[in-house]
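Take a look at the structure below.
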Amino acid sequence: MALEVVARRCAGLTLIALNVLFAVAAAATSAAVATLSNFDKLGGPLSAALASAPEYLMGGLVYWLVGVVALAFHWNHVTTWSRVAYWLTVPSLFVTVVSAVKVAFDPVPFARKTWVIGAVAGALAVIWGSRRLATLVLTRPLTRALIDSSLEIPFPTRGLTARLCVQNDRLVLDGLTSAKSMAAGRTAIPLHTLRSVTVGDMTADGLGYVLVHSGRSDADAFEYDVWAGPALWIAGTQRQWLVPVTDEVARVAADAIMARAADPVRRACSTKLNGDAGPDRWRSAENARRNAATFLEVKFGRYRRTNYRPWHIAVVIGFLAMPLIYLAMVLLDTVHPFMKIEKGSGTVVGFAVLAVLFAPLARYPIRALNGFVRGQRFVEAYPEPEPATDVPAKPSVEGWVPRPTVQ
């Protein structure tokens with residue numbers, strides 16, 4: 001791994017850590033100011049409050065541990081890093097806002113109100129800025145070392161909410177919103193199915209469309225606005241995109257895509273991770289996604305959407321892991337006693353028995369979640385069971401003209 005990429009990852013992780021720590025500091029300060037009767041003696045009561053309620057600290061550590069695991073699973077997905085950083089700050093932001101509301105309606109000195117309002121405004125500004133800066137540090141400037149790495153490279157689109165993400169093994173158009181409804185879709189083109197990337201221009205506004213998985217053998221045609229201006233025509237064997245971008249993004253994105261697609265190692269990785277289109281694999285992926293959904297989600301067809309996520313499985317896994325978390329907290333409190341945890345022999349033995357009983361049960365939701373992830377990747381890339389027979393040379397949208405240079 002290039003030293004530059006290591007430096008980018010370290011800088012991104014540092015900014016995310018500062019993001020979370022600043023949110024915690026803002027929440028602690030706001031809560032203390034909202035509850036203290038003497039504003040000048042902030043440090044003592046705050047320290048006493050933390051010492052008397054260490055379970056909140058442990059709860060926060062468990063919550064952050066989940067975030068660290070999410071970062072590990074999405075080590076190369078920069079867009080996921082930003083979302084994880086946001087969710088890691090949600091509890092602290094909630095405490096900050098609640099404290100601000102309490103102070104606003106309490107008969108407290110104006111100085112205390114100003115302090116809390118400043119903490120809320122500062123927390124929101126720093127958290128938003130640090131997340132944005134982390135993404136920029138990880139993906140800009142676009143260098144050869146970054147292209148050769150496995151880091152995801154997101155590019156903004158022009159006039160759309162979607163992002164064009166160049167990943168290690170495939171291209172993803174994430175967050176595409178329909179022009180006719182509020183529906184959102186997620187589609188992908190594996191690198192080994194990519195055939196061409198052409199920079200062109202739209203001479204007039206038009207409607208582009210892309211096939212999106214519908215849960216049936218015939219995919220839905222998802223329409224979206226394509227405004228006049230530069231646009232990339234990205235053609236794969238199973239799907240094609242017409243992506244409006246700016247002049248600055250058009251050439252850089254085309255070069256990055258073709259450079260990664262020309263790498264035989266990446267194409268082999270794409271073949272292994274995404275597979276090829278076929279009726280049997282399509283049905284297997286669809287069944288895996290349906291098995292991960294609840295009864296009501298299957299009944300109403302909600303699981304068929306490409307932006308569906310089975311969050312209930314994470315709740316089940318968390319519930320099954322609770323006995324292990326309790327035993328870990330007991331062990332930590334035994335080594336360094338600072339929490340008021342019930343450690344009677346009967347309680348510990350009971351939780352130990354539950355941990356032994358729950359451990360084999362956890363493999364079922366984990367297996368369902370793993371199957372869903374694999375099925376999700378497949379239907380994002382192959383919306384229909386039958387392989388395509390030909391690849392169109394240009395988009396069906398009128399008004400698109402390719403530029404002389406083809407990448």
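Following the order of the structure tokens, chains are lettered A, B, ..., residues in each are numbered from 1, and ligands are numbered from 1.
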
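Every protein, DNA or RNA residue with an atom at most 10 Å from A:Asp205, where only C-alpha atoms count and chain neighbours fewer than 4 positions away do not, is listed here: Asp225, Val226, Trp227, Ala228, Gly229, Val397, Glu398, Gly399 and Trp400 of chain A.
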
Mind writing the picked residues with C-alpha atoms as a PDB file, in the first residue's frame?
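Output contents, as saved in again.pdb:
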```pdb
ATOM      1  CA  ASP A 225     -33.571  14.232 -15.294  1.00  0.00           C
ATOM      2  CA  VAL A 226     -30.531  14.879 -17.466  1.00  0.00           C
ATOM      3  CA  TRP A 227     -29.897  18.576 -17.920  1.00  0.00           C
ATOM      4  CA  ALA A 228     -28.125  20.188 -20.870  1.00  0.00           C
ATOM      5  CA  GLY A 229     -24.353  20.130 -20.435  1.00  0.00           C
ATOM      6  CA  VAL A 397     -31.861  10.083 -25.035  1.00  0.00           C
ATOM      7  CA  GLU A 398     -32.058  12.607 -27.849  1.00  0.00           C
ATOM      8  CA  GLY A 399     -29.563  15.434 -27.824  1.00  0.00           C
ATOM      9  CA  TRP A 400     -26.482  13.594 -26.530  1.00  0.00           C
TER      10      TRP A 400
END
```

- Residues of stretch 116-340 of chain A in helix (DSSP H, G or I), written as a count of residues only: 104

- With a distance cut-off of 10 Å and only C-alpha atoms, select the neighbouring residues of A:Thr139, excluding the residue or stretch itself and same-chain residues fewer than 3 positions from it, and output the selection as an NGL selection string. :A and (5 or 8-9 or 12 or 78 or 133-136 or 142-143 or 146-147 or 151-155)

For the selection just defined, write its residues with C-alpha atoms to a file, as a tab-separated table (two decimals), in the first residue's frame.
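The resulting file, out-v1.tsv, is shown below:
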```tsv
chain	number	residue	atom	x	y	z
A	5	VAL	CA	-2.97	6.09	0.92
A	8	ARG	CA	-5.06	9.54	3.83
A	9	ARG	CA	-6.66	6.78	5.90
A	12	GLY	CA	-9.64	10.44	7.79
A	78	VAL	CA	-15.42	6.43	1.81
A	133	LEU	CA	-13.05	17.46	5.43
A	134	ALA	CA	-12.54	13.74	6.08
A	135	THR	CA	-14.13	12.90	2.72
A	136	LEU	CA	-11.96	15.48	0.94
A	142	LEU	CA	-7.05	12.60	-7.28
A	143	THR	CA	-3.58	11.12	-7.71
A	146	LEU	CA	-5.28	6.94	-5.07
A	147	ILE	CA	-6.47	5.42	-8.37
A	151	LEU	CA	-10.27	3.26	-1.78
A	152	GLU	CA	-13.65	4.27	-3.17
A	153	ILE	CA	-13.58	7.51	-5.20
A	154	PRO	CA	-16.94	9.37	-5.19
A	155	PHE	CA	-17.75	11.96	-7.85
```

- Message: Using only C-alpha atoms, can you tell me which of A:Ala393, A:Leu88, A:Leu176, A:Leu21 comes closest to A:Val197?
- Response: A:Ala393

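Minimum atom-to-atom distance to A:Arg290, evaluated using only C-alpha atoms, belongs to A:Val373 out of A:Val243, A:Val353, A:Ala25, A:Val373.
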
- As a check of understanding: the span from atom CA of A:Gly208 to atom CA of A:Arg186 is 15.0 Å
